[in-house]
Amino acid sequence: MITFEQVTKRYADGTVAVSDLSLEAPTGRITVFVGPSGCGKTTSLRMINRMIDASSGRILIDDRDVRGVDPAELRRGIGYVIQQAGLFPHRRVLDNIATVPYLLGWDKRRARDRAAELMELVGLDAGLASRYPFQLSGGQQQRVGVARALAADPPILLMDEPFSAVDPVVRASLQDELLRLQEELHKTIVFVTHDIDEAIKLGDSIAVLRVGGRLAQLASPAELLARPADDFVAGFLGRDRGIRSLSFVPARSVRLRPVTTVSLSADVDEARRTARDAGEDWLLAVGDDGTPRGWVSPLDLPRAGTLAETPLLAFGSYDRDADSLRAALDAALLSPTGHAVALDGDGAIAGVATQRALSEALAEAAALTAPPPRPVSPGLRPDASGAHRDGEHAGGVREAPPGSMGDGREASRG
Amino acid sequence: MDEPLVRWDWIARNAGTIGGLLGDHMVMSLVPVVVALLVAVPLGLLCSRWRWLYQPTVGVTNVVYSLPSLAVFSLLIPITGLAEPGTVIVPLTFYSLAVLLPSVVDGLAAVPESVRQSATAMGFGPLRRLVQVELPIAVPVVLAGTRVAAVSSISLVSIGSLIGRGGLGYLFIDGWQRTFPTPIVVGIVLTVLLAVLADGVIIFAQRVLTPWSRARSAA
Ligand SMILES: Nc1ncnc2c1ncn2[C@@H]1O[C@H](COP(=O)(O)OP(=O)(O)OP(=O)(O)O)[C@@H](O)[C@H]1O
Ligand SMILES: [Mg+2]
């Protein structure tokens, strides 16, 4: 655990970069420092490995004051990854990764074996081992940077905007990779970013800092989205907070309804019959392997032919156990039927979530995540969106869906 | 006048003398470069560490650089002696230093800040960081400066012949005084060959020492 105790950093020129910061970064978790440019994120991070010393206050790692440890020794036990990767241009990839093991006096053979192991772990092709850094893409360089930071298996990893210099696709894959690694390694990670979406995706807890290095809020992503401490945090979180917070509500709670399926190889008459017998407006066409292929509206079918020859309507699906309510909602929006197809872990059809079922789940989610009612002075809340007010209405009234949810349901019927 | 441009028989007869002059030329031109390099590295480190030292130090070497070489040679005669190699080597060392000191400082300044910081963050102490990270990264810039220093030193040595010690430069004076072109041609050809050779050796050293920078420029 990394503990900040009333830490203040005043630079020589008088700039107060961090003031009176107290927080804990729990062991084995990802704590994200997020905030606007210049709010003291980098300064805070570097005080942990003593690249910068605090002006006052203490930073403890597992109850040990970092000031009492020799800086070089301290740093060899803390991995550090920065935006530009900072790889050594004159060393090959493998030797770059083995840097800290070399410093720790491992013999060359062992250090390189370990480096090769790490290349695999971070998803780097072994063929890259003897390249120089300039021969790598930006994404590959970042992976080498992460591998290098992990080489001596330090319990702590500090990451300063490590993924912000690569394109969005590579960034997303690096983020996924980090989460996968973390599941395996359980490092204590402090991650700095100015990108709130990245913070929400990666953080177990998020410290929002305001300029001057003041802690605005420390909370889990779900908590942050549902209950921003003040207007600064709410503003920083940006739009669509309500929708985004659904990412943290499991889809498991959505009530499912059985669905009538029809094989792709069936002909249109059989499909019409099936629909009539079941009294359904929609049928779900499935392949031979039982996976959904598209929706069928019996009224719009051609006179003859099989379903395989007929254009099907788009469908959206989600994993009932692994996905969030947001994914379920998204799946519903992808189909003209307004239904989301729920799959179980094996990809088999578990049922469908109707708009009605989704509305109920949304109402329940709003009741769970929204803050309790509190007085709101209208003038002070220019940003109080519909979603926010709904939340406040719904506080504590779990049975009754809030007003706007009802509206949504009306719309879906029409 | 039907005097040919090159009289091979003269070259054959004087091969021993020419060889001696060539050896003298190499020593007087390359010793200054090596000595200047040995001085420039520590001096460059000091100037990088304490930036305020840099401008005055470069100022002094530049002033020396701007003095006409012949004047410096003559001024030194009372100290180092007439026709002594030292009279040529000392000023050339300063000239080389004027080229090499900025190379070392620029080379160190070219180390990316992110590299320096990540080295620190991984637990390199200042000395180890300097030796294992910063100096190796500065090598290509320093070697580029060394090429310039070596070639100009090789061409400047000839002027020493005016004070009686100029290596191959002696051949120019000899040929000119006797209106006999062969020694002049021999002197020019050998000086150029020497310069090309020295340059080639440094380029080779650069490829061996810094494969990463050769690869970079090829990319
Ligand atoms: N060495 C320094 N001397 C003086 N002021 C500094 C120094 N380093 C940073 N600052 C100032 O301290 C404040 C915080 O800087 P810091 O680098 O920690 O911000 P940051 O949150 O990491 O910003 P960014 O998102 O732009 O990286 C800024 O106002 C910055 O100008
Ligand atoms: Mg920063």
# chains A, B, ... in the order shown; residues from 1 in each chain; ligands from 1
$ interface_residues --of "chain A" --to "chain B" --cutoff "12 Å" --atoms "only C-alpha atoms" --output "count of residues only"
60
$ select_by_dssp --residues "stretch 111-265 of chain A" --states "strand (DSSP E)" --output "list in words"
Ile156, Leu157, Leu158, Met159, Asp160, Thr188, Ile189, Val190, Phe191, Val192, Thr193, Ser205, Ile206, Ala207, Val208, Leu209, Arg210, Arg214, Leu215, Ala216, Gln217, Leu218, Ala219, Thr261, Val262 and Ser263 of chain A
$ residues_near_ligand --ligand "ligand 2" --cutoff "12 Å" --atoms "only C-alpha atoms and all ligand atoms" --output "PyMOL selection string"
chain A and resi 17+33-46+82-84+159-162+164+191-195+213
$ residues_around --residues "A:Val286" --least-positions-apart "4" --cutoff "8 Å" --atoms "only C-alpha atoms" --output "PDB file with N, CA and C atoms, in the first residue's frame"
ATOM      1  N   THR A 261     -37.262 -19.356 -32.040  1.00  0.00           N
ATOM      2  CA  THR A 261     -36.233 -19.359 -33.087  1.00  0.00           C
ATOM      3  C   THR A 261     -36.714 -20.159 -34.284  1.00  0.00           C
ATOM      4  N   VAL A 262     -36.071 -19.908 -35.384  1.00  0.00           N
ATOM      5  CA  VAL A 262     -36.382 -20.656 -36.584  1.00  0.00           C
ATOM      6  C   VAL A 262     -35.070 -20.861 -37.335  1.00  0.00           C
ATOM      7  N   SER A 263     -34.927 -22.060 -37.918  1.00  0.00           N
ATOM      8  CA  SER A 263     -33.656 -22.362 -38.587  1.00  0.00           C
ATOM      9  C   SER A 263     -33.542 -21.611 -39.906  1.00  0.00           C
ATOM     10  N   LEU A 264     -32.340 -21.271 -40.246  1.00  0.00           N
ATOM     11  CA  LEU A 264     -32.083 -20.579 -41.514  1.00  0.00           C
ATOM     12  C   LEU A 264     -32.507 -21.422 -42.704  1.00  0.00           C
ATOM     13  N   GLY A 290     -26.773 -23.118 -33.951  1.00  0.00           N
ATOM     14  CA  GLY A 290     -27.613 -22.541 -32.905  1.00  0.00           C
ATOM     15  C   GLY A 290     -27.302 -21.091 -32.585  1.00  0.00           C
ATOM     16  N   THR A 291     -26.363 -20.456 -33.304  1.00  0.00           N
ATOM     17  CA  THR A 291     -26.060 -19.053 -33.011  1.00  0.00           C
ATOM     18  C   THR A 291     -27.017 -18.139 -33.775  1.00  0.00           C
ATOM     19  N   PRO A 292     -27.366 -17.007 -33.190  1.00  0.00           N
ATOM     20  CA  PRO A 292     -28.315 -16.097 -33.836  1.00  0.00           C
ATOM     21  C   PRO A 292     -27.733 -15.504 -35.120  1.00  0.00           C
ATOM     22  N   ARG A 293     -28.596 -15.329 -36.135  1.00  0.00           N
ATOM     23  CA  ARG A 293     -28.131 -14.760 -37.405  1.00  0.00           C
ATOM     24  C   ARG A 293     -28.881 -13.478 -37.761  1.00  0.00           C
ATOM     25  N   GLY A 294     -30.087 -13.336 -37.248  1.00  0.00           N
ATOM     26  CA  GLY A 294     -30.827 -12.116 -37.561  1.00  0.00           C
ATOM     27  C   GLY A 294     -32.308 -12.293 -37.229  1.00  0.00           C
TER      28      GLY A 294
END
$ residues_around --residues "A:Ala207" --least-positions-apart "2" --cutoff "9 Å" --atoms "only C-alpha atoms" --output "VMD selection string"
chain A and resid 23 31 to 35 205 209 215 to 220
$ residues_around --residues "stretch 159-175 of chain B" --least-positions-apart "6" --cutoff "6 Å" --atoms "only C-alpha atoms" --output "list in words"
Leu21, Leu22, Asp24, His25, Ala83, Pro181, Pro183, Ile184 and Gly187 of chain B
$ write_last_selection --atoms "all heavy atoms" --output "PDB file, in the first residue's frame"
ATOM      1  N   LEU B  21      58.519  12.087 -44.157  1.00  0.00           N
ATOM      2  CA  LEU B  21      57.650  13.263 -44.051  1.00  0.00           C
ATOM      3  C   LEU B  21      56.205  12.838 -43.761  1.00  0.00           C
ATOM      4  O   LEU B  21      55.504  13.453 -42.959  1.00  0.00           O
ATOM      5  CB  LEU B  21      57.698  14.075 -45.349  1.00  0.00           C
ATOM      6  CG  LEU B  21      59.019  14.794 -45.634  1.00  0.00           C
ATOM      7  CD1 LEU B  21      58.995  15.419 -47.022  1.00  0.00           C
ATOM      8  CD2 LEU B  21      59.277  15.855 -44.565  1.00  0.00           C
ATOM      9  N   LEU B  22      55.783  11.758 -44.417  1.00  0.00           N
ATOM     10  CA  LEU B  22      54.410  11.264 -44.210  1.00  0.00           C
ATOM     11  C   LEU B  22      54.200  10.868 -42.751  1.00  0.00           C
ATOM     12  O   LEU B  22      53.211  11.241 -42.111  1.00  0.00           O
ATOM     13  CB  LEU B  22      54.150  10.075 -45.141  1.00  0.00           C
ATOM     14  CG  LEU B  22      52.759   9.439 -45.057  1.00  0.00           C
ATOM     15  CD1 LEU B  22      51.690  10.450 -45.467  1.00  0.00           C
ATOM     16  CD2 LEU B  22      52.686   8.193 -45.952  1.00  0.00           C
ATOM     17  N   ASP B  24      55.873  11.877 -40.147  1.00  0.00           N
ATOM     18  CA  ASP B  24      55.899  13.099 -39.355  1.00  0.00           C
ATOM     19  C   ASP B  24      54.543  13.805 -39.421  1.00  0.00           C
ATOM     20  O   ASP B  24      53.993  14.257 -38.411  1.00  0.00           O
ATOM     21  CB  ASP B  24      56.975  14.023 -39.950  1.00  0.00           C
ATOM     22  CG  ASP B  24      57.674  14.824 -38.870  1.00  0.00           C
ATOM     23  OD1 ASP B  24      57.709  14.328 -37.723  1.00  0.00           O
ATOM     24  OD2 ASP B  24      58.166  15.933 -39.176  1.00  0.00           O
ATOM     25  N   HIS B  25      53.990  13.854 -40.619  1.00  0.00           N
ATOM     26  CA  HIS B  25      52.704  14.517 -40.842  1.00  0.00           C
ATOM     27  C   HIS B  25      51.594  13.834 -40.039  1.00  0.00           C
ATOM     28  O   HIS B  25      50.774  14.491 -39.392  1.00  0.00           O
ATOM     29  CB  HIS B  25      52.367  14.478 -42.344  1.00  0.00           C
ATOM     30  CG  HIS B  25      51.325  15.465 -42.754  1.00  0.00           C
ATOM     31  ND1 HIS B  25      51.618  16.624 -43.426  1.00  0.00           N
ATOM     32  CD2 HIS B  25      49.984  15.478 -42.562  1.00  0.00           C
ATOM     33  CE1 HIS B  25      50.507  17.307 -43.646  1.00  0.00           C
ATOM     34  NE2 HIS B  25      49.495  16.623 -43.124  1.00  0.00           N
ATOM     35  N   ALA B  83      61.250  24.420 -35.505  1.00  0.00           N
ATOM     36  CA  ALA B  83      61.264  23.138 -36.199  1.00  0.00           C
ATOM     37  C   ALA B  83      61.027  21.945 -35.269  1.00  0.00           C
ATOM     38  O   ALA B  83      61.382  20.820 -35.574  1.00  0.00           O
ATOM     39  CB  ALA B  83      62.565  22.959 -36.973  1.00  0.00           C
ATOM     40  N   PRO B 181      57.220  20.621 -60.251  1.00  0.00           N
ATOM     41  CA  PRO B 181      55.881  20.247 -59.778  1.00  0.00           C
ATOM     42  C   PRO B 181      55.792  18.894 -59.072  1.00  0.00           C
ATOM     43  O   PRO B 181      54.906  18.693 -58.245  1.00  0.00           O
ATOM     44  CB  PRO B 181      55.041  20.231 -61.058  1.00  0.00           C
ATOM     45  CG  PRO B 181      56.009  20.076 -62.178  1.00  0.00           C
ATOM     46  CD  PRO B 181      57.310  20.642 -61.728  1.00  0.00           C
ATOM     47  N   PRO B 183      57.152  17.236 -56.463  1.00  0.00           N
ATOM     48  CA  PRO B 183      56.931  17.172 -55.005  1.00  0.00           C
ATOM     49  C   PRO B 183      55.586  17.770 -54.600  1.00  0.00           C
ATOM     50  O   PRO B 183      54.924  17.269 -53.680  1.00  0.00           O
ATOM     51  CB  PRO B 183      58.074  18.004 -54.414  1.00  0.00           C
ATOM     52  CG  PRO B 183      59.006  18.305 -55.504  1.00  0.00           C
ATOM     53  CD  PRO B 183      58.361  17.998 -56.814  1.00  0.00           C
ATOM     54  N   ILE B 184      55.164  18.828 -55.312  1.00  0.00           N
ATOM     55  CA  ILE B 184      53.881  19.450 -54.954  1.00  0.00           C
ATOM     56  C   ILE B 184      52.744  18.460 -55.184  1.00  0.00           C
ATOM     57  O   ILE B 184      51.883  18.255 -54.318  1.00  0.00           O
ATOM     58  CB  ILE B 184      53.651  20.731 -55.800  1.00  0.00           C
ATOM     59  CG1 ILE B 184      54.762  21.730 -55.508  1.00  0.00           C
ATOM     60  CG2 ILE B 184      52.273  21.321 -55.507  1.00  0.00           C
ATOM     61  CD1 ILE B 184      54.646  23.034 -56.261  1.00  0.00           C
ATOM     62  N   GLY B 187      52.876  15.810 -52.570  1.00  0.00           N
ATOM     63  CA  GLY B 187      52.405  16.340 -51.288  1.00  0.00           C
ATOM     64  C   GLY B 187      50.888  16.425 -51.240  1.00  0.00           C
ATOM     65  O   GLY B 187      50.260  16.004 -50.265  1.00  0.00           O
TER      66      GLY B 187
END
$ residues_around --residues "B:Ser48" --least-positions-apart "2" --cutoff "10 Å" --atoms "only C-alpha atoms" --output "list of chain:residue names"
B:Pro42, B:Leu43, B:Gly44, B:Leu45, B:Leu46, B:Trp50, B:Arg51, B:Trp52, B:Leu53, B:Tyr54, B:Val104, B:Val105, B:Asp106, B:Gly107, B:Leu108, B:Ala109
$ atom_distance --atom1 "atom CA of A:Arg210" --atom2 "atom CA of A:Asp167"
26.6 Å
$ atom_distance --atom1 "atom 20 (P, counted along the ligand's line) of ligand 1" --atom2 "atom CA of A:Leu174"
21.7 Å
$ residues_around --residues "A:Pro250" --least-positions-apart "2" --cutoff "10 Å" --atoms "only C-alpha atoms" --output "NGL selection string"
:A and (246-248 or 252-254 or 320-328 or 361 or 365)
$ select_by_dssp --residues "stretch 45-243 of chain A" --states "helix (DSSP H, G or I)" --output "JSON, numbers by chain"
{"A": [45, 46, 47, 48, 66, 67, 68, 71, 72, 73, 74, 75, 76, 93, 94, 95, 96, 97, 99, 100, 101, 102, 103, 108, 109, 110, 111, 112, 113, 114, 115, 116, 117, 118, 119, 120, 121, 126, 127, 128, 133, 134, 135, 138, 139, 140, 141, 142, 143, 144, 145, 146, 147, 148, 149, 150, 168, 169, 170, 171, 172, 173, 174, 175, 176, 177, 178, 179, 180, 181, 182, 183, 184, 185, 196, 197, 198, 199, 200, 201, 202, 221, 222, 223, 224, 225, 226, 231, 232, 233, 234, 235, 236, 237, 241, 242, 243]}
$ atom_distance --atom1 "atom CA of B:Val31" --atom2 "atom CA of B:Ile89"
7.1 Å
$ closest_residue --among "A:Arg244, A:Lys108, A:Arg214, A:Arg276" --to "ligand 1" --atoms "only C-alpha atoms and all ligand atoms"
A:Arg214
$ decode --residues "stretch 57-68 of chain B" --atoms "all heavy atoms" --output "PDB file, in the first residue's frame"
ATOM      1  N   THR B  57      34.325  28.817 -21.645  1.00  0.00           N
ATOM      2  CA  THR B  57      35.312  27.844 -22.131  1.00  0.00           C
ATOM      3  C   THR B  57      35.344  27.824 -23.651  1.00  0.00           C
ATOM      4  O   THR B  57      36.411  27.862 -24.279  1.00  0.00           O
ATOM      5  CB  THR B  57      34.975  26.435 -21.599  1.00  0.00           C
ATOM      6  OG1 THR B  57      34.665  26.548 -20.216  1.00  0.00           O
ATOM      7  CG2 THR B  57      36.133  25.489 -21.785  1.00  0.00           C
ATOM      8  N   VAL B  58      34.152  27.776 -24.250  1.00  0.00           N
ATOM      9  CA  VAL B  58      34.093  27.788 -25.709  1.00  0.00           C
ATOM     10  C   VAL B  58      34.639  29.109 -26.240  1.00  0.00           C
ATOM     11  O   VAL B  58      35.324  29.146 -27.265  1.00  0.00           O
ATOM     12  CB  VAL B  58      32.640  27.573 -26.189  1.00  0.00           C
ATOM     13  CG1 VAL B  58      32.509  27.935 -27.652  1.00  0.00           C
ATOM     14  CG2 VAL B  58      32.243  26.130 -25.992  1.00  0.00           C
ATOM     15  N   GLY B  59      34.368  30.188 -25.518  1.00  0.00           N
ATOM     16  CA  GLY B  59      34.885  31.490 -25.924  1.00  0.00           C
ATOM     17  C   GLY B  59      36.399  31.452 -26.049  1.00  0.00           C
ATOM     18  O   GLY B  59      36.958  31.870 -27.061  1.00  0.00           O
ATOM     19  N   VAL B  60      37.063  30.903 -25.026  1.00  0.00           N
ATOM     20  CA  VAL B  60      38.523  30.846 -25.050  1.00  0.00           C
ATOM     21  C   VAL B  60      39.010  29.994 -26.224  1.00  0.00           C
ATOM     22  O   VAL B  60      39.866  30.422 -27.006  1.00  0.00           O
ATOM     23  CB  VAL B  60      39.062  30.276 -23.714  1.00  0.00           C
ATOM     24  CG1 VAL B  60      40.556  29.965 -23.843  1.00  0.00           C
ATOM     25  CG2 VAL B  60      38.796  31.250 -22.586  1.00  0.00           C
ATOM     26  N   THR B  61      38.446  28.799 -26.388  1.00  0.00           N
ATOM     27  CA  THR B  61      38.929  27.942 -27.480  1.00  0.00           C
ATOM     28  C   THR B  61      38.643  28.597 -28.829  1.00  0.00           C
ATOM     29  O   THR B  61      39.438  28.486 -29.750  1.00  0.00           O
ATOM     30  CB  THR B  61      38.299  26.530 -27.435  1.00  0.00           C
ATOM     31  OG1 THR B  61      36.883  26.658 -27.466  1.00  0.00           O
ATOM     32  CG2 THR B  61      38.727  25.776 -26.208  1.00  0.00           C
ATOM     33  N   ASN B  62      37.537  29.305 -28.944  1.00  0.00           N
ATOM     34  CA  ASN B  62      37.223  29.968 -30.212  1.00  0.00           C
ATOM     35  C   ASN B  62      38.193  31.097 -30.532  1.00  0.00           C
ATOM     36  O   ASN B  62      38.560  31.286 -31.685  1.00  0.00           O
ATOM     37  CB  ASN B  62      35.797  30.524 -30.192  1.00  0.00           C
ATOM     38  CG  ASN B  62      34.792  29.452 -30.570  1.00  0.00           C
ATOM     39  OD1 ASN B  62      35.173  28.373 -31.032  1.00  0.00           O
ATOM     40  ND2 ASN B  62      33.523  29.727 -30.357  1.00  0.00           N
ATOM     41  N   VAL B  63      38.592  31.837 -29.504  1.00  0.00           N
ATOM     42  CA  VAL B  63      39.564  32.909 -29.738  1.00  0.00           C
ATOM     43  C   VAL B  63      40.862  32.303 -30.276  1.00  0.00           C
ATOM     44  O   VAL B  63      41.423  32.762 -31.265  1.00  0.00           O
ATOM     45  CB  VAL B  63      39.823  33.711 -28.449  1.00  0.00           C
ATOM     46  CG1 VAL B  63      41.059  34.585 -28.606  1.00  0.00           C
ATOM     47  CG2 VAL B  63      38.605  34.560 -28.112  1.00  0.00           C
ATOM     48  N   VAL B  64      41.308  31.226 -29.643  1.00  0.00           N
ATOM     49  CA  VAL B  64      42.516  30.563 -30.117  1.00  0.00           C
ATOM     50  C   VAL B  64      42.324  30.090 -31.557  1.00  0.00           C
ATOM     51  O   VAL B  64      43.193  30.230 -32.413  1.00  0.00           O
ATOM     52  CB  VAL B  64      42.876  29.372 -29.194  1.00  0.00           C
ATOM     53  CG1 VAL B  64      44.094  28.637 -29.738  1.00  0.00           C
ATOM     54  CG2 VAL B  64      43.119  29.856 -27.784  1.00  0.00           C
ATOM     55  N   TYR B  65      41.116  29.558 -31.830  1.00  0.00           N
ATOM     56  CA  TYR B  65      40.814  29.020 -33.148  1.00  0.00           C
ATOM     57  C   TYR B  65      40.912  30.110 -34.214  1.00  0.00           C
ATOM     58  O   TYR B  65      41.309  29.862 -35.338  1.00  0.00           O
ATOM     59  CB  TYR B  65      39.394  28.438 -33.115  1.00  0.00           C
ATOM     60  CG  TYR B  65      39.019  27.608 -34.319  1.00  0.00           C
ATOM     61  CD1 TYR B  65      39.561  26.331 -34.494  1.00  0.00           C
ATOM     62  CD2 TYR B  65      38.111  28.070 -35.254  1.00  0.00           C
ATOM     63  CE1 TYR B  65      39.215  25.552 -35.586  1.00  0.00           C
ATOM     64  CE2 TYR B  65      37.750  27.297 -36.349  1.00  0.00           C
ATOM     65  CZ  TYR B  65      38.310  26.033 -36.505  1.00  0.00           C
ATOM     66  OH  TYR B  65      37.958  25.264 -37.575  1.00  0.00           O
ATOM     67  N   SER B  66      40.537  31.332 -33.797  1.00  0.00           N
ATOM     68  CA  SER B  66      40.485  32.405 -34.795  1.00  0.00           C
ATOM     69  C   SER B  66      41.865  33.004 -35.082  1.00  0.00           C
ATOM     70  O   SER B  66      42.031  33.723 -36.051  1.00  0.00           O
ATOM     71  CB  SER B  66      39.537  33.507 -34.318  1.00  0.00           C
ATOM     72  OG  SER B  66      40.138  34.172 -33.234  1.00  0.00           O
ATOM     73  N   LEU B  67      42.860  32.722 -34.232  1.00  0.00           N
ATOM     74  CA  LEU B  67      44.204  33.263 -34.498  1.00  0.00           C
ATOM     75  C   LEU B  67      44.783  32.595 -35.742  1.00  0.00           C
ATOM     76  O   LEU B  67      44.654  31.394 -35.925  1.00  0.00           O
ATOM     77  CB  LEU B  67      45.134  32.979 -33.304  1.00  0.00           C
ATOM     78  CG  LEU B  67      44.751  33.641 -31.982  1.00  0.00           C
ATOM     79  CD1 LEU B  67      45.724  33.194 -30.889  1.00  0.00           C
ATOM     80  CD2 LEU B  67      44.765  35.152 -32.123  1.00  0.00           C
ATOM     81  N   PRO B  68      45.445  33.375 -36.616  1.00  0.00           N
ATOM     82  CA  PRO B  68      46.070  32.770 -37.795  1.00  0.00           C
ATOM     83  C   PRO B  68      47.113  31.759 -37.336  1.00  0.00           C
ATOM     84  O   PRO B  68      47.919  32.049 -36.438  1.00  0.00           O
ATOM     85  CB  PRO B  68      46.729  33.951 -38.506  1.00  0.00           C
ATOM     86  CG  PRO B  68      46.118  35.173 -37.912  1.00  0.00           C
ATOM     87  CD  PRO B  68      45.677  34.823 -36.537  1.00  0.00           C
TER      88      PRO B  68
END
